[in-house]
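Working notes, structure below.
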Amino acid sequence: MKPGIAALVLAALWVGAQPPARETPAVAPGGGGATLAPAAMAALRVQVALDRAGYSPGEIDASSGANTTRAEDAYARGGGGTVPEADPLVKYRISGQDAAGPFFPDIPDDIVAQAQLPALGYRNIVEMLGERFHASPALLRHLNPHAQFAAGDEIMVPNVGDTVQPVAPPRGRQGGDAESNPASVTITVSRSGSSLTASDAAGHTLFFAPVTTGSEHDPLPIGEWKVNGVQRDPEFHYNPELFWDAEPGHSKAVLKPGPNNPVGVVWVDISKPHYGLHGTPEPSQIGKTQSHGCVRMTNWDALRVAALVRPGTRVVFVE
């Protein structure tokens, strides 16, 4: 983490809050939870603040990794938006609906085998809650070492705001008909920066997120495209002819919707054939691994992008 940028973020977003000078409890005293080391608690504060401001650090894990640094740098360049002062963690009581699932613990790795499942839902409740609160399952388990993650349990989670219905950042959204709300947002994807920026007509940043873009075999196609449309909870139509690393003998297959679908919970189709902006079943790998040319991000970030675009929105792929 760059100390200067971290200080800027904390000063702008967490008025009066200072990085802890000693080990700070991650839960209220007597809550039966774990503690985080000072550096981890400081990183968590920055990650939550950035997420709330619309500068996504990707999966919140209380670690100052590359995605957090990218978000910090983007915040410093763009000025960011302010959010109300808030604690980095809040309590959440697990509901019966949360615990009911259904869950799919035995999702196979083979993509053709996945096509045999009735849905590609969450593997377990911790994975589901991790996505809801933009956090790694490992962090949730660390913060709540005694929790059974059952209905009625009260747990500590990152304070990322309204997570019941994912919404676009408070500084702007795109929707409605073309006459009353034209496609004035531009989506810019940087291959070298492994990042996506949504900006308004004046160039102000509306949203920033880390992404995975292409590979040596399937490089991101530099150029300008447009959004054709948005599909939520999409099926995935697998064609092995489009994948250089497809297993021999693989055939075409249709995978059912769900957060563990290869394109996650939303697909933003663009005018470049076979390319889109989409979610992922592996949020921890965003910005760290390669894709087959499309632009991949966490499911929650993909939903934010989907709320900002409409047919005709410019999509620019740059170096």
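We label chains A, B, ... in the order they appear in the structure tokens, count residues from 1 in each chain, and number ligands from 1 in the order shown.
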
Checklist entry - Skipping near chain neighbours, those fewer than 4 positions away, what residues fall within 12 Å of A:Val157 using only C-alpha atoms, listed as a ChimeraX atom specification? => result /A:26-27,33,44,48,60-62,87-94,126,129-144,161,163

Checklist entry - Could you pull out all residues of stretch 179-294 of chain A with a DSSP call of strand (DSSP E) and give them as a PyMOL selection string? => result chain A and resi 186-190+195-199+205-210+212-213+223-232+236-238+253-255+266-270+276-278

DSSP on the backbone, then: every residue of stretch 33-218 of chain A marked alpha helix (DSSP H), written as a tab-separated table (two decimals) with N, CA and C atoms, in the first residue's frame.
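Final output, part_32.tsv:
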```
chain	number	residue	atom	x	y	z
A	38	PRO	N	-2.96	-4.84	13.30
A	38	PRO	CA	-3.12	-3.43	12.89
A	38	PRO	C	-3.07	-3.22	11.39
A	39	ALA	N	-2.12	-3.85	10.70
A	39	ALA	CA	-2.02	-3.64	9.26
A	39	ALA	C	-3.24	-4.18	8.54
A	40	ALA	N	-3.77	-5.32	9.00
A	40	ALA	CA	-4.95	-5.90	8.37
A	40	ALA	C	-6.18	-5.02	8.61
A	41	MET	N	-6.29	-4.49	9.83
A	41	MET	CA	-7.44	-3.63	10.14
A	41	MET	C	-7.37	-2.34	9.32
A	42	ALA	N	-6.18	-1.78	9.16
A	42	ALA	CA	-6.03	-0.57	8.35
A	42	ALA	C	-6.39	-0.86	6.90
A	43	ALA	N	-5.94	-2.01	6.39
A	43	ALA	CA	-6.27	-2.38	5.01
A	43	ALA	C	-7.76	-2.58	4.84
A	44	LEU	N	-8.40	-3.20	5.82
A	44	LEU	CA	-9.85	-3.42	5.76
A	44	LEU	C	-10.59	-2.09	5.72
A	45	ARG	N	-10.17	-1.13	6.54
A	45	ARG	CA	-10.81	0.19	6.54
A	45	ARG	C	-10.72	0.83	5.16
A	46	VAL	N	-9.55	0.77	4.55
A	46	VAL	CA	-9.36	1.37	3.24
A	46	VAL	C	-10.21	0.65	2.19
A	47	GLN	N	-10.21	-0.68	2.22
A	47	GLN	CA	-10.98	-1.43	1.23
A	47	GLN	C	-12.47	-1.13	1.33
A	48	VAL	N	-13.00	-1.10	2.55
A	48	VAL	CA	-14.44	-0.82	2.72
A	48	VAL	C	-14.76	0.61	2.28
A	49	ALA	N	-13.89	1.56	2.65
A	49	ALA	CA	-14.12	2.95	2.26
A	49	ALA	C	-14.11	3.11	0.74
A	50	LEU	N	-13.14	2.48	0.09
A	50	LEU	CA	-13.07	2.56	-1.37
A	50	LEU	C	-14.30	1.93	-2.01
A	51	ASP	N	-14.72	0.77	-1.52
A	51	ASP	CA	-15.88	0.09	-2.06
A	51	ASP	C	-17.12	0.97	-1.95
A	52	ARG	N	-17.31	1.59	-0.80
A	52	ARG	CA	-18.48	2.44	-0.59
A	52	ARG	C	-18.44	3.68	-1.49
A	53	ALA	N	-17.25	4.13	-1.84
A	53	ALA	CA	-17.10	5.32	-2.67
A	53	ALA	C	-17.19	5.03	-4.15
A	66	ALA	N	-2.66	-5.79	-4.99
A	66	ALA	CA	-2.60	-4.97	-6.21
A	66	ALA	C	-3.95	-4.32	-6.53
A	67	ASN	N	-5.06	-5.04	-6.31
A	67	ASN	CA	-6.36	-4.46	-6.64
A	67	ASN	C	-6.69	-3.27	-5.75
A	68	THR	N	-6.31	-3.35	-4.48
A	68	THR	CA	-6.54	-2.22	-3.58
A	68	THR	C	-5.68	-1.03	-3.99
A	69	THR	N	-4.44	-1.30	-4.36
A	69	THR	CA	-3.56	-0.22	-4.82
A	69	THR	C	-4.11	0.44	-6.07
A	70	ARG	N	-4.63	-0.36	-7.01
A	70	ARG	CA	-5.23	0.21	-8.22
A	70	ARG	C	-6.40	1.13	-7.87
A	71	ALA	N	-7.23	0.69	-6.94
A	71	ALA	CA	-8.38	1.51	-6.55
A	71	ALA	C	-7.94	2.78	-5.84
A	72	GLU	N	-6.92	2.68	-5.00
A	72	GLU	CA	-6.38	3.86	-4.33
A	72	GLU	C	-5.85	4.87	-5.34
A	73	ASP	N	-5.09	4.37	-6.31
A	73	ASP	CA	-4.53	5.26	-7.32
A	73	ASP	C	-5.64	5.93	-8.13
A	74	ALA	N	-6.67	5.16	-8.49
A	74	ALA	CA	-7.79	5.72	-9.25
A	74	ALA	C	-8.52	6.77	-8.44
A	75	TYR	N	-8.67	6.52	-7.15
A	75	TYR	CA	-9.33	7.49	-6.27
A	75	TYR	C	-8.52	8.79	-6.22
A	76	ALA	N	-7.21	8.66	-6.12
A	76	ALA	CA	-6.35	9.84	-6.05
A	76	ALA	C	-6.43	10.65	-7.35
A	77	ARG	N	-6.49	9.95	-8.49
A	77	ARG	CA	-6.55	10.63	-9.78
A	77	ARG	C	-7.92	11.28	-10.01
A	78	GLY	N	-8.97	10.56	-9.64
A	78	GLY	CA	-10.32	11.03	-9.97
A	78	GLY	C	-11.00	11.85	-8.90
A	96	GLY	N	-33.39	-17.17	8.05
A	96	GLY	CA	-33.76	-18.51	7.62
A	96	GLY	C	-33.68	-18.65	6.11
A	97	GLN	N	-34.02	-17.58	5.40
A	97	GLN	CA	-33.93	-17.60	3.94
A	97	GLN	C	-32.49	-17.73	3.49
A	98	ASP	N	-31.58	-17.02	4.18
A	98	ASP	CA	-30.15	-17.15	3.86
A	98	ASP	C	-29.71	-18.61	3.97
A	99	ALA	N	-30.09	-19.24	5.09
A	99	ALA	CA	-29.61	-20.58	5.39
A	99	ALA	C	-30.27	-21.66	4.55
A	100	ALA	N	-31.40	-21.32	3.93
A	100	ALA	CA	-32.17	-22.33	3.20
A	100	ALA	C	-31.55	-22.71	1.86
A	111	ILE	N	-16.32	-28.33	-17.39
A	111	ILE	CA	-17.40	-27.44	-17.81
A	111	ILE	C	-18.56	-28.19	-18.44
A	112	VAL	N	-18.29	-29.27	-19.14
A	112	VAL	CA	-19.38	-30.06	-19.72
A	112	VAL	C	-20.15	-30.78	-18.62
A	113	ALA	N	-19.46	-31.23	-17.58
A	113	ALA	CA	-20.14	-31.85	-16.45
A	113	ALA	C	-21.00	-30.84	-15.71
A	114	GLN	N	-20.55	-29.59	-15.65
A	114	GLN	CA	-21.36	-28.55	-15.01
A	114	GLN	C	-22.70	-28.37	-15.72
A	125	ILE	N	-23.25	-21.38	2.33
A	125	ILE	CA	-23.75	-20.09	2.81
A	125	ILE	C	-22.62	-19.08	2.99
A	126	VAL	N	-21.42	-19.53	3.32
A	126	VAL	CA	-20.31	-18.59	3.50
A	126	VAL	C	-19.93	-17.96	2.16
A	127	GLU	N	-19.93	-18.76	1.11
A	127	GLU	CA	-19.67	-18.22	-0.22
A	127	GLU	C	-20.74	-17.19	-0.60
A	128	MET	N	-22.00	-17.50	-0.29
A	128	MET	CA	-23.09	-16.58	-0.59
A	128	MET	C	-22.95	-15.26	0.17
A	129	LEU	N	-22.66	-15.36	1.47
A	129	LEU	CA	-22.51	-14.15	2.27
A	129	LEU	C	-21.27	-13.37	1.87
A	130	GLY	N	-20.23	-14.07	1.44
A	130	GLY	CA	-19.04	-13.38	0.95
A	130	GLY	C	-19.38	-12.48	-0.23
A	131	GLU	N	-20.16	-13.00	-1.18
A	131	GLU	CA	-20.56	-12.19	-2.33
A	131	GLU	C	-21.46	-11.04	-1.91
A	132	ARG	N	-22.36	-11.30	-0.98
A	132	ARG	CA	-23.28	-10.24	-0.56
A	132	ARG	C	-22.53	-9.08	0.07
A	137	PRO	N	-14.56	-15.48	1.60
A	137	PRO	CA	-15.06	-16.40	2.62
A	137	PRO	C	-14.06	-16.59	3.76
A	138	ALA	N	-12.77	-16.58	3.44
A	138	ALA	CA	-11.76	-16.76	4.48
A	138	ALA	C	-11.81	-15.62	5.49
A	139	LEU	N	-12.05	-14.39	5.02
A	139	LEU	CA	-12.15	-13.26	5.95
A	139	LEU	C	-13.37	-13.41	6.84
A	140	LEU	N	-14.52	-13.81	6.28
A	140	LEU	CA	-15.72	-13.99	7.09
A	140	LEU	C	-15.50	-15.05	8.17
A	141	ARG	N	-14.84	-16.12	7.80
A	141	ARG	CA	-14.58	-17.17	8.79
A	141	ARG	C	-13.61	-16.68	9.87
A	142	HIS	N	-12.62	-15.88	9.48
A	142	HIS	CA	-11.67	-15.36	10.46
A	142	HIS	C	-12.36	-14.40	11.43
A	143	LEU	N	-13.24	-13.56	10.90
A	143	LEU	CA	-13.93	-12.60	11.74
A	143	LEU	C	-14.94	-13.26	12.68
```

Checklist entry - Expressed in Å to a single decimal, how great is the separation between atom CA of A:Gly279 and atom CA of A:Asp301? => result 7.6 Å

Checklist entry - Of the residues A:Phe236, A:Trp267, A:Phe317, A:Tyr275, which is the one nearest to A:Ala115, using only C-alpha atoms? => result A:Phe236

Checklist outcome for this item: Pairwise distance, atom CA of A:Val263 with atom CA of A:Ser284, equals 14.7 Å

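Nearest residue to A:Tyr55, choosing from A:Arg304, A:His237, A:His146, A:Lys272 and counting only C-alpha atoms: A:Arg304.
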
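Using only C-alpha atoms, the shortest contact distance between A:Ala307 and any of A:Pro102, A:Gln148, A:Ala202, A:Phe207 is found at A:Phe207.
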
Checklist outcome for this item: Students should find that atom CA of A:Asn228 and atom CA of A:Leu206 are spaced 20.5 Å

Checklist entry - From the list A:Leu303, A:Val211, A:Val185, A:Leu255, which residue is nearest A:Pro283 when using only C-alpha atoms? => result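 Of the candidates, the smallest distance to A:Pro283 is held by A:Val211.
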
Checklist entry - Which of these residues is nearest to A:Ile107, using only C-alpha atoms: A:Leu120, A:Ala86, A:Ile270, A:Ile286? => result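 Using only C-alpha atoms, the shortest distance to A:Ile107 belongs to A:Leu120.
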
Next on the checklist: Give me the residues near A:Phe208 as a PyMOL selection string, where near means some atom within 7 Å (using only C-alpha atoms) and where sequence neighbours in that chain fewer than 6 positions away do not count.
Outcome noted: chain A and resi 54-56+196-198

What does the file look like for those residues with N, CA and C atoms, as an mmCIF file, in the first residue's frame?
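File produced: result.cif:
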```
data_model
loop_
_atom_site.group_PDB
_atom_site.id
_atom_site.type_symbol
_atom_site.label_atom_id
_atom_site.label_comp_id
_atom_site.auth_asym_id
_atom_site.auth_seq_id
_atom_site.Cartn_x
_atom_site.Cartn_y
_atom_site.Cartn_z
ATOM 1 N N GLY A 54 -17.310 3.748 -4.532
ATOM 2 C CA GLY A 54 -17.404 3.414 -5.949
ATOM 3 C C GLY A 54 -16.064 3.144 -6.604
ATOM 4 N N TYR A 55 -15.023 2.943 -5.801
ATOM 5 C CA TYR A 55 -13.699 2.563 -6.308
ATOM 6 C C TYR A 55 -13.401 1.173 -5.756
ATOM 7 N N SER A 56 -13.840 0.168 -6.477
ATOM 8 C CA SER A 56 -13.814 -1.194 -5.955
ATOM 9 C C SER A 56 -12.397 -1.732 -5.799
ATOM 10 N N LEU A 196 -11.322 -1.263 -15.073
ATOM 11 C CA LEU A 196 -12.471 -0.722 -15.803
ATOM 12 C C LEU A 196 -12.890 0.572 -15.129
ATOM 13 N N THR A 197 -13.145 1.598 -15.945
ATOM 14 C CA THR A 197 -13.617 2.875 -15.427
ATOM 15 C C THR A 197 -14.879 3.272 -16.174
ATOM 16 N N ALA A 198 -15.921 3.600 -15.433
ATOM 17 C CA ALA A 198 -17.140 4.159 -16.009
ATOM 18 C C ALA A 198 -17.121 5.659 -15.746
#
```

Item to check | Spatial neighbours of A:Ser195, max dist 6 Å, only C-alpha atoms, sep filter under 2 positions, as an MDAnalysis selection string | outcome: chainID A and resid 189:190 193 209:211
